[in-house]
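J.: Sending over a structure as structure tokens; questions will come in a sec.
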Amino acid sequence: MEQFQGQNSTPPSGSIDKSRVLEIKPLRCLVPIFPSQPNSTSFNTPQGAAPFVCSSPSGPFPPGAAPFYPFFGVPGSQGPHGHNPQTTPSQTPPFRFNTPVSDAVPINSFRAGDTTPSRKVTRRNAKSQPQDGVAGEADTDAEGVNTRLRKKGSMDPEVDNILTSLNIITLDPARQNDGDKDSVEYALLIFDLLRRKIAQIEDSKGSSPGIIKRPDLKAGTILMTKNSRTNATKRMGSVPGVEIGDIFFFRFELCLVGLHSPSMAGIDYLRVNLEEEPVAVSIVSSGGYEDDVEDGNVLIYSGQGGNLNIDQKLERGNLALKNSLERGKEVRVIRGVKDVANPSGKVYVYDGLYKVEESWVEKGKGGCNVFKFKLIRLRGQPEAFTMWKLIQQWKDAISSRIGVILPDLTSGAESLPVSLVNDVDSEKGPEYFTYVPTIKYSKEANSTDFSSGCACAGGCLPGNQNCDCIQKNGGYLPYVANGVVANAGQLIYECGPSCLCPPNCKNRVSQGGLKVRLEVFRTKDKGWGLRSWDPIRGGAYICEYAGEAIDNSNIEALDRDMDDYLFDATRSCPPILPSDSSEDMKMPFPLAINAKNVGNVARFMNHSCSPNVIWQPVLRTNNKEPDLHVVFHAIRHIPPMTELTYDYGMLPPEKMGRRKKLCLCGSSKCRGFFAI
DNA sequence: GGAACTCAGCAGTAT
DNA sequence: ACTGCTGAGTTCCAA
């Protein structure tokens, strides 16, 4: 399938992808300067006479030189709609590049049903060709029937068991059609839990070459048939319960929360009534952002359909976007950006509402017509995509981050730096402590796990039932792709020093150090807190709780100063799913960690009654010493710069006593206090 | 190590 | 019936 991927972009002001632009317009050109500003000297040559100036097509432009179509607007009289709201007469470029008029074609002349051969015909022709064959079509039909049958249930007993254990709720019809924060959170949570469990089962069946597993599609289909979706009524404008800046890792997630319905197509549209043609409601731009110097409030979007050899047509999504332009309707924009943690994957950022400002037609790589739409972000919306660009600048040069106290408070102890930032008050930093990346056992704990470990020399493979470590985890590898934990809140048996598998074994996720770029920052009212510059997948490993392991029985005797930095693993916290009735987490031996004097980033994570992080115990196979760790995983996808919080939990009433603290989390589900 | 290629996949729309 | 800015796996190529 030949798409026009990557052609949508924020118009760059620095570099530009030459291969994509050269055939449309010269990349750099000599723009004559007219003496519009007699005193202007900045672009003069040493000799004083500067008949020409070198300028990138996207600027910046010296005084008197003009940006040129198509990068900054269709020349007024050539525009499809006769006027350009952004270009008033006084702003009209004083000079227009001598563009062949034929390039600025009125978009209406591309209406479907014109002279160009229809794609439908083309496809039928292709089907009738020998290589596709009649037998192939019959197989497809049979497969199609199977697919429809499969929709009735998962057709996999193990997946059915999961469905039972997850106790998926079919949302009431009102919330299926019009959601809220809770229904959106629920739909996303249940999708990801189901997806991860299906992935775990599929992985355990081993891989057969050529067969591509799509746990995302399986989970999505199940939830669609069970009506565990929300905002199913298509609408224009914002979607209840979905906030600007929310992130997604699968297209199906956009569908389940009503942000963007099609599972693949980039343009979603809606026919308000039968008399009117449809208008666009949302678009997904999967362009990536190589040339990101621009402010991020502009998007040049390529239309759908067509390919290297076939013109795009003004129908479906393309027509809807043109209608949105003409009627001044707002369009939701979801931007796809490369996932730093998984370069082959994408993160989708909901970037709020835009308006289509203009449209035109360009020749694509193969010389065929491609529609282009310029969208401008509505003002007054919270930052989203622009924040991502800002963070990239911080990564390139930490000095550009305002309020940095220390570029790396770990002094190199972690694989990634952790910056210390205060842009709120004059506090110079937290009390002194020694940074260690992992837990320190000072004396023998009552470890009961002295097994010798697995013998998987090439790394533990999901499906290998002879692997001791997989057996300890109930026959499954506890992690799925991207180091995401399959089950939240259970004891994980990781490979350890006694195992023969290499350090990159898939069952050593918590041993690879930090994977996301973290920042300790000054909160407004809770002292110091922790957040990430990178997006975090639901279930992804964040960090462990480092500090000095202490005997749980001595906790009550500890100095009260320790309280703020104490992790007591006997605390219980509510399950992620309200419907989850599984028993309390099993700890191999009692454990508490004191991070007052010695610790890592985890000591800065605050409590919340609506947390986005959960802890779980990890026992590494080690026949010499206790090797129990407390690690943190994301409960759901966490956008950059969102404070990371976990539920400190509760103690039995008789133990709460002095270890009860007033809660400041501000969540609607706040219990009022928590245990320390 | 990453870009290019390959292919099964499914919801929604149009017919 | 038909479409598409998927997503994961494989292959290939430039270092």
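As shown in the structure tokens, the chain order sets the letters A, B, ...; within each chain, residues go from 1, and ligands are also counted from 1 in the order they appear.
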Could you go through segment 427-615 of chain A and tell me which residues DSSP, when run on the backbone, assigns to strand (DSSP E or B), listing them as a PyMOL selection string?
T.: chain A and resi 434-435+440+479-480+484-485+492-494+518-522+528-532+536+540-544+548-550+566-568+572+592-594+598-599+606-607+613-615
J.: Residues within 9 Å of segment 2-12 of chain B, please, as a VMD selection string. Count only C-alpha atoms (C1' of nucleotides); anything in the same chain fewer than 4 positions from it doesn't count.
T.: (chain A and resid 210 to 214 217 221 255 261 to 264 343) or (chain C and resid 6 9 to 13)
J.: Based on the selection just made, write C-alpha atoms (C1' of nucleotides) of those residues as a compact mmCIF listing (two decimals), in the first residue's frame.
T.:
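Result file follows (part_2.txt):
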# COMPACT_ATOMS: atom_id res chain seq x y z
CA GLY A 210 5.15 -14.86 9.16
CA ILE A 211 2.28 -14.86 11.63
CA ILE A 212 1.84 -11.43 13.10
CA LYS A 213 0.04 -11.24 16.39
CA ARG A 214 -2.24 -8.33 17.04
CA LEU A 217 -7.00 -5.82 17.60
CA THR A 221 -12.79 -6.33 19.02
CA CYS A 255 -11.87 4.43 18.82
CA SER A 261 -13.55 6.07 15.07
CA PRO A 262 -11.79 4.50 12.09
CA SER A 263 -9.31 1.83 13.12
CA MET A 264 -6.90 2.80 10.38
CA PRO A 343 11.11 3.46 17.90
C1' DT C 6 -1.98 -0.04 11.73
C1' DG C 9 7.58 -9.03 12.06
C1' DT C 10 11.21 -9.60 8.45
C1' DT C 11 14.63 -8.13 5.23
C1' DC C 12 17.99 -5.23 3.65
C1' DC C 13 21.48 -1.83 3.72
J.: Find, counting only C-alpha atoms, the residue in A:Pro626, A:Gly367, A:Gly412, A:Gly317 that gets nearest to Gly305 of chain A.
T.: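 Answer, going by the shortest atom-to-atom distance: A:Gly317.
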J.: Based on DSSP run over this structure's backbone, return all residues of segment 179-404 of chain A in helix (DSSP H, G or I), as a ChimeraX atom specification.
T.: /A:181-204,215-225,251-256,316-327,385-396,398-400
J.: Excluding same-chain residues fewer than 4 positions from Val480 of chain A, what lies within 10 Å of it counting only C-alpha atoms (C1' of nucleotides), as a PyMOL selection string?
T.: chain A and resi 195-204+462+476+484-487+506-507+539-540
J.: Can you measure atom CA of Met587 of chain A to atom CA of Ser498 of chain A for me? One decimal in Å is fine.
T.: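 Spanning atom CA of Met587 of chain A to atom CA of Ser498 of chain A is a straight-line distance of 20.3 Å.
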J.: Determine, counting only C-alpha atoms (C1' of nucleotides), which protein, DNA and RNA residues have an atom within 9 Å of an atom of segment 391-397 of chain A; residues of the same chain fewer than 3 positions away are not included. Present the result as a PDB file with N, CA and C atoms, in the first residue's frame.
T.:
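Output (out_4.pdb):
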ATOM      1  N   THR A 386       3.014  21.081  21.728  1.00  0.00           N
ATOM      2  CA  THR A 386       4.099  22.056  21.864  1.00  0.00           C
ATOM      3  C   THR A 386       4.992  21.702  23.056  1.00  0.00           C
ATOM      4  N   MET A 387       4.374  21.095  24.077  1.00  0.00           N
ATOM      5  CA  MET A 387       5.165  20.663  25.236  1.00  0.00           C
ATOM      6  C   MET A 387       6.179  19.592  24.825  1.00  0.00           C
ATOM      7  N   TRP A 388       5.761  18.698  23.943  1.00  0.00           N
ATOM      8  CA  TRP A 388       6.673  17.645  23.474  1.00  0.00           C
ATOM      9  C   TRP A 388       7.881  18.261  22.779  1.00  0.00           C
ATOM     10  N   SER A 400      18.298  25.024  28.578  1.00  0.00           N
ATOM     11  CA  SER A 400      17.089  25.702  28.117  1.00  0.00           C
ATOM     12  C   SER A 400      15.908  25.461  29.064  1.00  0.00           C
ATOM     13  N   ARG A 401      16.073  24.528  30.001  1.00  0.00           N
ATOM     14  CA  ARG A 401      15.004  24.257  30.970  1.00  0.00           C
ATOM     15  C   ARG A 401      15.096  25.276  32.097  1.00  0.00           C
ATOM     16  N   TRP A 533       9.738  13.235  31.550  1.00  0.00           N
ATOM     17  CA  TRP A 533       9.743  13.996  30.302  1.00  0.00           C
ATOM     18  C   TRP A 533       9.205  13.132  29.166  1.00  0.00           C
ATOM     19  N   ASP A 534       9.334  11.825  29.316  1.00  0.00           N
ATOM     20  CA  ASP A 534       8.904  10.912  28.258  1.00  0.00           C
ATOM     21  C   ASP A 534       7.504  10.389  28.554  1.00  0.00           C
ATOM     22  N   PRO A 640       3.753  13.099  29.225  1.00  0.00           N
ATOM     23  CA  PRO A 640       4.919  13.789  29.766  1.00  0.00           C
ATOM     24  C   PRO A 640       4.492  14.879  30.746  1.00  0.00           C
TER      25      PRO A 640
END
